[in-house]
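Structure file data_11.cif with mmCIF, C-alpha atoms and all ligand atoms:
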```cif
data_upload
#
loop_
_atom_site.label_atom_id
_atom_site.label_comp_id
_atom_site.auth_asym_id
_atom_site.auth_seq_id
_atom_site.Cartn_x
_atom_site.Cartn_y
_atom_site.Cartn_z
CA LYS J 1 22.39 -36.48 34.74
CA MET J 2 22.31 -37.47 31.09
CA GLN J 3 24.76 -34.69 30.35
CA LEU J 4 27.13 -35.93 33.02
CA LEU J 5 27.14 -39.42 31.57
CA THR J 6 27.87 -38.03 28.14
CA MET J 7 30.70 -35.95 29.56
CA GLU J 8 32.13 -38.99 31.30
CA ARG J 9 32.07 -41.04 28.12
CA ASP J 10 33.58 -38.17 26.11
CA LEU J 11 36.34 -37.62 28.67
CA ARG J 12 37.25 -41.29 28.70
CA GLN J 13 37.49 -41.14 24.94
CA ALA J 14 39.53 -37.93 25.05
CA ILE J 15 42.15 -39.59 27.27
CA GLU J 16 42.43 -42.49 24.86
CA SER J 17 42.48 -40.40 21.70
CA ASP J 18 45.02 -37.78 22.84
CA SER J 19 42.49 -34.94 22.92
CA LEU J 20 43.97 -33.57 26.12
CA GLU J 21 46.71 -31.03 25.63
CA MET J 22 49.04 -29.01 27.79
CA HIS J 23 49.22 -25.25 27.71
CA PHE J 24 51.99 -23.34 29.43
CA GLN J 25 51.86 -20.02 31.21
CA PRO J 26 55.10 -18.11 31.75
CA MET J 27 56.40 -17.45 35.25
CA VAL J 28 58.68 -14.43 35.23
CA ASP J 29 61.41 -13.07 37.43
CA ILE J 30 59.67 -10.04 38.93
CA ARG J 31 62.73 -7.77 38.82
CA THR J 32 64.06 -8.53 35.34
CA THR J 33 60.73 -9.67 33.78
CA ASN J 34 62.65 -12.53 32.14
CA VAL J 35 60.76 -15.79 31.72
CA SER J 36 62.15 -18.20 34.32
CA GLY J 37 59.71 -21.07 34.07
CA MET J 38 56.31 -22.28 33.00
CA GLU J 39 53.21 -23.62 34.70
CA ALA J 40 51.65 -26.58 32.90
CA LEU J 41 47.85 -26.24 32.61
CA VAL J 42 45.74 -29.01 31.14
CA ARG J 43 43.08 -28.38 28.45
CA TRP J 44 40.58 -30.60 26.72
CA ARG J 45 40.03 -30.03 23.02
CA HIS J 46 36.40 -31.15 22.87
CA PRO J 47 35.06 -32.08 19.43
CA SER J 48 31.94 -29.89 19.69
CA LEU J 49 32.49 -27.65 22.73
CA GLY J 50 35.95 -26.37 21.78
CA LEU J 51 38.85 -25.85 24.17
CA LEU J 52 37.72 -26.62 27.73
CA ALA J 53 39.35 -25.24 30.89
CA PRO J 54 40.22 -27.66 33.72
CA GLU J 55 37.38 -26.41 35.94
CA SER J 56 34.89 -27.94 33.54
CA PHE J 57 36.23 -31.49 33.71
CA LEU J 58 38.67 -32.06 36.60
CA ASP J 59 35.94 -32.58 39.22
CA LEU J 60 34.39 -35.26 37.06
CA ALA J 61 37.83 -36.76 36.52
CA GLU J 62 38.38 -36.88 40.29
CA GLN J 63 35.02 -38.52 40.97
CA THR J 64 35.47 -41.19 38.33
CA GLY J 65 39.13 -41.98 38.95
CA MET J 66 40.08 -40.72 35.50
CA ILE J 67 42.31 -38.15 37.19
CA LYS J 68 44.91 -40.88 37.55
CA ASP J 69 45.35 -41.18 33.79
CA ILE J 70 45.06 -37.44 33.26
CA GLY J 71 47.63 -36.77 35.97
CA ARG J 72 50.09 -39.19 34.42
CA PHE J 73 49.59 -37.61 31.00
CA VAL J 74 50.14 -34.13 32.46
CA LEU J 75 53.30 -35.15 34.33
CA ASN J 76 54.83 -36.95 31.36
CA GLU J 77 53.95 -34.29 28.82
CA ALA J 78 55.11 -31.38 31.00
CA THR J 79 58.40 -33.09 31.86
CA ARG J 80 58.98 -34.01 28.22
CA GLN J 81 58.52 -30.36 27.17
CA LEU J 82 60.76 -29.23 30.01
CA GLY J 83 63.53 -31.51 28.71
CA ILE J 84 63.09 -30.16 25.18
CA TRP J 85 63.27 -26.52 26.31
CA GLN J 86 66.23 -27.11 28.61
CA ARG J 87 68.17 -28.66 25.75
CA ALA J 88 67.16 -26.00 23.22
CA PHE J 89 67.53 -22.85 25.33
CA ARG J 90 70.38 -22.29 27.74
CA PRO J 91 69.90 -19.23 29.91
CA SER J 92 72.18 -18.88 32.95
CA GLU J 93 69.54 -20.62 35.05
CA PRO J 94 67.72 -23.58 33.48
CA VAL J 95 64.01 -23.03 32.87
CA PHE J 96 61.65 -24.73 35.35
CA MET J 97 58.22 -26.33 35.07
CA ALA J 98 55.40 -26.30 37.62
CA VAL J 99 52.93 -29.19 37.50
CA ASN J 100 49.64 -29.22 39.42
CA VAL J 101 48.74 -32.32 41.42
CA SER J 102 45.28 -32.86 42.86
CA ALA J 103 44.07 -34.44 46.10
CA SER J 104 43.44 -37.93 44.79
CA GLN J 105 46.79 -38.00 43.01
CA LEU J 106 48.36 -37.44 46.42
CA MET J 107 46.72 -40.67 47.58
CA ASP J 108 48.15 -42.63 44.67
CA THR J 109 51.33 -44.44 45.65
CA ASP J 110 52.35 -44.60 41.97
CA LEU J 111 52.86 -40.84 41.98
CA VAL J 112 56.38 -41.01 43.40
CA SER J 113 57.56 -43.67 40.95
CA ASP J 114 55.87 -41.83 38.06
CA ILE J 115 57.75 -38.64 38.96
CA ARG J 116 61.02 -40.51 39.39
CA ALA J 117 60.56 -42.15 35.99
CA ALA J 118 59.72 -38.84 34.29
CA VAL J 119 62.70 -36.84 35.62
CA THR J 120 65.09 -39.72 34.93
CA ARG J 121 63.82 -40.29 31.40
CA GLU J 122 64.06 -36.62 30.46
CA THR J 123 67.24 -35.90 32.47
CA VAL J 124 65.96 -32.49 33.53
CA TYR J 125 68.05 -30.39 35.91
CA ARG J 126 67.56 -31.00 39.62
CA GLN J 127 64.86 -28.89 41.24
CA THR J 128 63.50 -27.70 37.89
CA LEU J 129 60.40 -29.85 38.03
CA LYS J 130 58.11 -28.37 40.67
CA ILE J 131 54.99 -30.04 42.00
CA GLU J 132 52.13 -27.75 43.11
CA VAL J 133 49.54 -28.83 45.62
CA THR J 134 46.80 -26.83 47.28
CA GLU J 135 46.36 -26.98 51.01
CA SER J 136 42.82 -28.22 50.60
CA ALA J 137 44.21 -31.22 48.70
CA VAL J 138 46.73 -31.94 51.42
CA LEU J 139 44.15 -31.53 54.16
CA GLN J 140 42.01 -34.38 52.92
CA TYR J 141 44.60 -36.86 54.24
CA PRO J 142 47.24 -34.81 56.03
CA GLU J 143 49.52 -37.60 57.23
CA LYS J 144 49.55 -39.64 54.05
CA SER J 145 50.11 -36.48 51.99
CA ALA J 146 52.95 -35.36 54.22
CA SER J 147 54.88 -38.61 53.85
CA LEU J 148 54.26 -38.68 50.12
CA LEU J 149 55.45 -35.09 49.69
CA GLU J 150 58.58 -35.94 51.68
CA LEU J 151 59.36 -38.70 49.16
CA VAL J 152 58.73 -36.33 46.26
CA LYS J 153 61.13 -33.81 47.76
CA GLN J 154 63.82 -36.47 48.08
CA LEU J 155 63.67 -36.97 44.31
CA GLY J 156 65.12 -33.47 43.88
CA VAL J 157 61.74 -32.09 42.85
CA GLY J 158 60.45 -28.72 44.07
CA LEU J 159 57.24 -28.36 46.08
CA ALA J 160 54.93 -25.37 45.97
CA CYS J 161 51.91 -24.57 48.10
CA ASP J 162 49.33 -23.34 45.56
CA ASP J 163 46.51 -20.83 46.13
CA PHE J 164 47.96 -19.85 49.50
CA GLY J 165 45.56 -17.88 51.64
CA THR J 166 42.33 -19.41 50.39
CA ALA J 167 42.01 -22.34 52.82
CA TYR J 168 41.80 -22.02 56.57
CA SER J 169 44.78 -23.91 57.89
CA SER J 170 47.47 -22.41 55.70
CA LEU J 171 49.81 -21.90 58.57
CA SER J 172 49.86 -25.45 59.81
CA SER J 173 50.69 -26.80 56.36
CA LEU J 174 53.61 -24.38 56.08
CA ARG J 175 54.91 -25.74 59.34
CA HIS J 176 54.52 -29.44 58.62
CA LEU J 177 55.05 -29.87 54.89
CA PRO J 178 58.35 -29.63 53.01
CA PHE J 179 57.40 -26.71 50.75
CA ASP J 180 60.09 -24.54 49.15
CA THR J 181 57.72 -22.19 47.33
CA LEU J 182 54.56 -20.37 48.23
CA LYS J 183 52.14 -19.20 45.56
CA VAL J 184 50.08 -16.29 46.76
CA ASP J 185 46.53 -16.54 45.52
CA ARG J 186 45.48 -13.90 43.03
CA SER J 187 42.77 -12.60 45.33
CA PHE J 188 45.58 -10.90 47.30
CA VAL J 189 47.54 -9.79 44.23
CA SER J 190 44.83 -8.25 42.08
CA PRO J 191 42.27 -7.28 44.67
CA GLU J 192 39.41 -4.90 44.11
CA ALA J 193 40.80 -1.42 43.74
CA GLU J 194 41.47 0.15 47.12
CA ASP J 195 41.17 -3.03 49.13
CA GLU J 196 43.61 -2.04 51.82
CA LYS J 197 43.16 -5.23 53.80
CA ALA J 198 44.23 -7.40 50.87
CA ALA J 199 47.34 -5.24 50.49
CA ILE J 200 48.24 -5.66 54.16
CA ILE J 201 47.68 -9.42 54.00
CA LEU J 202 49.86 -9.64 50.89
CA GLN J 203 52.68 -7.83 52.63
CA SER J 204 52.43 -10.12 55.65
CA ILE J 205 52.31 -13.30 53.58
CA VAL J 206 55.44 -12.24 51.71
CA SER J 207 57.40 -11.44 54.84
CA LEU J 208 56.22 -14.62 56.57
CA ALA J 209 57.24 -16.72 53.55
CA HIS J 210 60.63 -15.06 53.32
CA ASP J 211 61.27 -15.54 57.02
CA LEU J 212 60.50 -19.24 56.54
CA GLY J 213 62.96 -19.37 53.63
CA LEU J 214 60.28 -19.87 50.98
CA THR J 215 60.34 -18.48 47.45
CA ILE J 216 57.28 -16.44 46.45
CA VAL J 217 55.25 -16.69 43.28
CA ALA J 218 52.56 -14.03 43.00
CA GLU J 219 49.61 -15.19 40.90
CA GLY J 220 47.10 -13.30 38.79
CA ILE J 221 49.15 -10.20 37.95
CA GLU J 222 47.07 -8.06 35.62
CA ASP J 223 48.80 -4.66 35.47
CA GLN J 224 52.07 -2.76 35.90
CA ALA J 225 51.03 -1.25 39.24
CA GLN J 226 50.82 -4.76 40.69
CA VAL J 227 54.28 -5.56 39.31
CA ASP J 228 55.70 -2.42 40.90
CA ARG J 229 54.21 -3.32 44.25
CA LEU J 230 55.60 -6.87 44.05
CA VAL J 231 59.07 -5.52 43.20
CA GLU J 232 58.83 -3.34 46.27
CA LEU J 233 57.85 -6.35 48.39
CA GLU J 234 60.80 -8.28 46.90
CA CYS J 235 58.72 -11.13 45.50
CA GLU J 236 60.81 -13.48 43.39
CA TYR J 237 58.40 -14.62 40.68
CA GLY J 238 55.10 -13.62 39.17
CA LYS J 239 52.52 -14.97 36.82
CA GLY J 240 49.40 -13.50 35.28
CA PHE J 241 47.73 -12.32 32.12
CA PHE J 242 49.89 -9.15 32.25
CA MET J 243 53.09 -11.17 31.75
CA GLY J 244 51.63 -13.87 29.56
CA GLN J 245 48.57 -15.97 28.84
CA PRO J 246 48.69 -19.75 28.88
CA MET J 247 49.89 -20.86 25.42
CA THR J 248 50.67 -23.94 23.36
CA ALA J 249 54.10 -25.58 23.38
CA LYS J 250 54.69 -24.25 19.87
CA GLN J 251 54.00 -20.67 20.98
CA VAL J 252 56.35 -21.09 23.96
CA GLY J 253 59.12 -22.34 21.65
CA GLU J 254 58.70 -19.27 19.47
CA SER J 255 58.71 -16.85 22.39
CA LEU J 256 61.80 -18.46 23.95
CA THR J 257 63.66 -18.15 20.62
CA SER J 258 63.07 -14.42 20.59
CA MET J 259 64.22 -13.97 24.16
CA PRO J 260 67.36 -11.94 24.86
CA TYR J 261 69.47 -14.44 26.79
P1 LIG J 301 46.09 -22.74 39.38
O1 LIG J 301 47.12 -23.83 39.48
O2 LIG J 301 46.06 -21.75 40.50
O3 LIG J 301 46.37 -22.05 37.97
C1 LIG J 301 46.15 -20.67 37.71
C2 LIG J 301 44.87 -20.43 36.95
O4 LIG J 301 44.66 -19.02 36.92
C3 LIG J 301 44.91 -20.88 35.48
O5 LIG J 301 43.58 -21.24 35.10
C4 LIG J 301 45.31 -19.60 34.76
O6 LIG J 301 44.92 -19.56 33.41
C5 LIG J 301 44.60 -18.56 35.59
N1 LIG J 301 45.26 -17.26 35.50
C6 LIG J 301 46.55 -17.02 35.20
N2 LIG J 301 46.82 -15.71 35.21
C7 LIG J 301 45.66 -15.08 35.52
C8 LIG J 301 45.31 -13.70 35.68
O7 LIG J 301 46.11 -12.77 35.53
N3 LIG J 301 44.00 -13.44 36.02
C9 LIG J 301 43.09 -14.42 36.18
N4 LIG J 301 41.83 -14.10 36.48
N5 LIG J 301 43.40 -15.76 36.04
C10 LIG J 301 44.67 -16.06 35.72
P2 LIG J 301 43.25 -22.68 34.51
O8 LIG J 301 44.28 -23.08 33.51
O9 LIG J 301 41.82 -22.65 34.10
O10 LIG J 301 43.42 -23.64 35.76
C11 LIG J 301 42.57 -23.57 36.87
C12 LIG J 301 42.98 -24.55 37.94
O11 LIG J 301 42.84 -25.89 37.47
C13 LIG J 301 44.45 -24.44 38.32
O12 LIG J 301 44.63 -23.38 39.20
C14 LIG J 301 44.71 -25.80 38.92
O13 LIG J 301 44.27 -25.86 40.26
C15 LIG J 301 43.82 -26.70 38.08
N6 LIG J 301 44.64 -27.35 37.05
C16 LIG J 301 45.06 -26.85 35.86
N7 LIG J 301 45.80 -27.73 35.19
C17 LIG J 301 45.89 -28.84 35.97
C18 LIG J 301 46.52 -30.13 35.84
O14 LIG J 301 47.21 -30.41 34.87
N8 LIG J 301 46.35 -31.03 36.87
C19 LIG J 301 45.62 -30.72 37.99
N9 LIG J 301 45.51 -31.65 38.93
N10 LIG J 301 45.01 -29.53 38.14
C20 LIG J 301 45.14 -28.60 37.16
MG MG J 302 48.94 -24.11 40.04
MG MG J 303 47.05 -21.06 41.96
#
```
Represent the structure of the file as structure tokens.
Amino acid sequence: KMQLLTMERDLRQAIESDSLEMHFQPMVDIRTTNVSGMEALVRWRHPSLGLLAPESFLDLAEQTGMIKDIGRFVLNEATRQLGIWQRAFRPSEPVFMAVNVSASQLMDTDLVSDIRAAVTRETVYRQTLKIEVTESAVLQYPEKSASLLELVKQLGVGLACDDFGTAYSSLSSLRHLPFDTLKVDRSFVSPEAEDEKAAIILQSIVSLAHDLGLTIVAEGIEDQAQVDRLVELECEYGKGFFMGQPMTAKQVGESLTSMPY
């Protein structure tokens, strides 16, 4: 209990003192292995505990309402970086940025105006900012979420269904929500060796998504064999430690400079 209170106080202070930072993990075109976009992942640089992953503080942020400030920071910072990279690097297709949004952010009516303000301010290309939501987030308030996501889509922002396959009503959200991208959870991509069922489910998810006109992002790719399989299944994008760890903005800038566009 004491610890939780300390954490809460520290987190509040971190938001005010800019101790939150964004890291970016490359999303690659599965066939060419070129970097096509980034996923923005929040970190907390804690004075004594070091760099903390989102699992260790986002629940607390949700419970205390601090997620609202964190979410706004994440959106603004990710969109700002996206603008910088789009101006600095000009591949044939502009680089995109995926931003995670949690359940309580979906209940916040400021979200739509925050997104509109961010994409307008940074003049990023249409459809290059992509919002990711999990089905479990959407399911907390299905109708409110659906109308909010519809407004987000109308801003020319992409919408991805994150961690697909881990909640129970996946199929109904694909039917009723305006997703353009489906992110297959890593439990189907890097399953235990010889898990034939996971392989069959992966194949079915990919063909279902393609039949619905959705783009696939395979998550958690950890070796070449998984890449080969995803090429075979004609997945569009992939992400995972095999293609790149989450890194700082500075590291991304350096890696984009050395890329053969
Ligand atoms: P997610 O959106 O599904 O993000 C993918 C997570 O998987 C990241 O962990 C990433 O580092 C990790 N990962 C990437 N490749 C691999 C791999 O090959 N193997 C394995 N085992 N893991 C891999 P991270 O950064 O700790 O984020 C965890 C979750 O926290 C995210 O899952 C997302 O739901 C949430 N999150 C992260 N950043 C934000 C944010 O800015 N806002 C909100 N609302 N949620 C966030
Ligand atoms: Mg995500
Ligand atoms: Mg995910």
(message) Env of range 132-149 of chain J: 9 Å cut, atoms = only C-alpha atoms, seq-sep filter 5 positions within chain, self excluded. Answer as a PyMOL selection string.
(response) chain J and resi 98-104+106-107+109+111-112+154+158-164+166-170+173+176-179+181+183
Export, as a PDB file, in the coordinates of the input, the selected residues with C-alpha atoms.
```pdb
ATOM      1  CA  ALA J  98      55.400 -26.300  37.620  1.00  0.00           C
ATOM      2  CA  VAL J  99      52.930 -29.190  37.500  1.00  0.00           C
ATOM      3  CA  ASN J 100      49.640 -29.220  39.420  1.00  0.00           C
ATOM      4  CA  VAL J 101      48.740 -32.320  41.420  1.00  0.00           C
ATOM      5  CA  SER J 102      45.280 -32.860  42.860  1.00  0.00           C
ATOM      6  CA  ALA J 103      44.070 -34.440  46.100  1.00  0.00           C
ATOM      7  CA  SER J 104      43.440 -37.930  44.790  1.00  0.00           C
ATOM      8  CA  LEU J 106      48.360 -37.440  46.420  1.00  0.00           C
ATOM      9  CA  MET J 107      46.720 -40.670  47.580  1.00  0.00           C
ATOM     10  CA  THR J 109      51.330 -44.440  45.650  1.00  0.00           C
ATOM     11  CA  LEU J 111      52.860 -40.840  41.980  1.00  0.00           C
ATOM     12  CA  VAL J 112      56.380 -41.010  43.400  1.00  0.00           C
ATOM     13  CA  GLN J 154      63.820 -36.470  48.080  1.00  0.00           C
ATOM     14  CA  GLY J 158      60.450 -28.720  44.070  1.00  0.00           C
ATOM     15  CA  LEU J 159      57.240 -28.360  46.080  1.00  0.00           C
ATOM     16  CA  ALA J 160      54.930 -25.370  45.970  1.00  0.00           C
ATOM     17  CA  CYS J 161      51.910 -24.570  48.100  1.00  0.00           C
ATOM     18  CA  ASP J 162      49.330 -23.340  45.560  1.00  0.00           C
ATOM     19  CA  ASP J 163      46.510 -20.830  46.130  1.00  0.00           C
ATOM     20  CA  PHE J 164      47.960 -19.850  49.500  1.00  0.00           C
ATOM     21  CA  THR J 166      42.330 -19.410  50.390  1.00  0.00           C
ATOM     22  CA  ALA J 167      42.010 -22.340  52.820  1.00  0.00           C
ATOM     23  CA  TYR J 168      41.800 -22.020  56.570  1.00  0.00           C
ATOM     24  CA  SER J 169      44.780 -23.910  57.890  1.00  0.00           C
ATOM     25  CA  SER J 170      47.470 -22.410  55.700  1.00  0.00           C
ATOM     26  CA  SER J 173      50.690 -26.800  56.360  1.00  0.00           C
ATOM     27  CA  HIS J 176      54.520 -29.440  58.620  1.00  0.00           C
ATOM     28  CA  LEU J 177      55.050 -29.870  54.890  1.00  0.00           C
ATOM     29  CA  PRO J 178      58.350 -29.630  53.010  1.00  0.00           C
ATOM     30  CA  PHE J 179      57.400 -26.710  50.750  1.00  0.00           C
ATOM     31  CA  THR J 181      57.720 -22.190  47.330  1.00  0.00           C
ATOM     32  CA  LYS J 183      52.140 -19.200  45.560  1.00  0.00           C
TER      33      LYS J 183
END
```
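One finds CA of Glu122 in chain J at 9.0 Å from CA of Gln81 in chain J.
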Cut-off 7 Å around (60.6, -28.4, 37.5) with all atoms listed in the file: residues as a PDB file with C-alpha atoms, in the frame of the given file:
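Writing done, so here's point35.pdb:
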```pdb
ATOM      1  CA  PHE J  96      61.650 -24.730  35.350  1.00  0.00           C
ATOM      2  CA  MET J  97      58.220 -26.330  35.070  1.00  0.00           C
ATOM      3  CA  ALA J  98      55.400 -26.300  37.620  1.00  0.00           C
ATOM      4  CA  GLN J 127      64.860 -28.890  41.240  1.00  0.00           C
ATOM      5  CA  THR J 128      63.500 -27.700  37.890  1.00  0.00           C
ATOM      6  CA  LEU J 129      60.400 -29.850  38.030  1.00  0.00           C
ATOM      7  CA  LYS J 130      58.110 -28.370  40.670  1.00  0.00           C
ATOM      8  CA  VAL J 157      61.740 -32.090  42.850  1.00  0.00           C
ATOM      9  CA  GLY J 158      60.450 -28.720  44.070  1.00  0.00           C
TER      10      GLY J 158
END
```
(message) Here is a test: counting all atoms listed in the file, which residue of J:Arg90, J:Lys197, J:Lys239, J:Arg72 is nearest to ligand LIG 301 (chain J)?
(response) J:Lys239
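Coordinates place CA of Met22 in chain J at a distance of 17.4 Å from CA of Leu49 in chain J.
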Some atoms are absent from range 217-231 of chain J, so rebuild N, CA and C atoms and return them as an mmCIF file, in the coordinates of the input.
```
data_model
loop_
_atom_site.group_PDB
_atom_site.id
_atom_site.type_symbol
_atom_site.label_atom_id
_atom_site.label_comp_id
_atom_site.auth_asym_id
_atom_site.auth_seq_id
_atom_site.Cartn_x
_atom_site.Cartn_y
_atom_site.Cartn_z
ATOM 1 N N VAL J 217 55.809 -16.915 44.614
ATOM 2 C CA VAL J 217 55.250 -16.690 43.280
ATOM 3 C C VAL J 217 53.930 -15.965 43.477
ATOM 4 N N ALA J 218 53.813 -14.772 42.901
ATOM 5 C CA ALA J 218 52.560 -14.030 43.000
ATOM 6 C C ALA J 218 51.709 -14.373 41.770
ATOM 7 N N GLU J 219 50.474 -14.766 41.999
ATOM 8 C CA GLU J 219 49.610 -15.190 40.900
ATOM 9 C C GLU J 219 48.621 -14.103 40.495
ATOM 10 N N GLY J 220 48.192 -14.164 39.243
ATOM 11 C CA GLY J 220 47.100 -13.300 38.790
ATOM 12 C C GLY J 220 47.480 -11.846 38.616
ATOM 13 N N ILE J 221 48.721 -11.582 38.163
ATOM 14 C CA ILE J 221 49.150 -10.200 37.950
ATOM 15 C C ILE J 221 48.514 -9.669 36.667
ATOM 16 N N GLU J 222 47.804 -8.559 36.781
ATOM 17 C CA GLU J 222 47.070 -8.060 35.620
ATOM 18 C C GLU J 222 47.471 -6.664 35.181
ATOM 19 N N ASP J 223 48.328 -5.977 35.946
ATOM 20 C CA ASP J 223 48.800 -4.660 35.470
ATOM 21 C C ASP J 223 50.158 -4.280 36.051
ATOM 22 N N GLN J 224 50.721 -3.204 35.508
ATOM 23 C CA GLN J 224 52.070 -2.760 35.900
ATOM 24 C C GLN J 224 52.124 -2.322 37.367
ATOM 25 N N ALA J 225 51.046 -1.716 37.848
ATOM 26 C CA ALA J 225 51.030 -1.250 39.240
ATOM 27 C C ALA J 225 51.239 -2.428 40.189
ATOM 28 N N GLN J 226 50.645 -3.565 39.838
ATOM 29 C CA GLN J 226 50.820 -4.760 40.690
ATOM 30 C C GLN J 226 52.258 -5.250 40.618
ATOM 31 N N VAL J 227 52.863 -5.171 39.436
ATOM 32 C CA VAL J 227 54.280 -5.560 39.310
ATOM 33 C C VAL J 227 55.134 -4.677 40.200
ATOM 34 N N ASP J 228 54.912 -3.376 40.121
ATOM 35 C CA ASP J 228 55.700 -2.420 40.900
ATOM 36 C C ASP J 228 55.620 -2.734 42.396
ATOM 37 N N ARG J 229 54.427 -3.005 42.830
ATOM 38 C CA ARG J 229 54.210 -3.320 44.250
ATOM 39 C C ARG J 229 54.967 -4.587 44.643
ATOM 40 N N LEU J 230 54.943 -5.595 43.746
ATOM 41 C CA LEU J 230 55.600 -6.870 44.050
ATOM 42 C C LEU J 230 57.129 -6.722 44.035
ATOM 43 N N VAL J 231 57.633 -5.824 43.188
ATOM 44 C CA VAL J 231 59.070 -5.520 43.200
ATOM 45 C C VAL J 231 59.436 -4.926 44.551
#
```
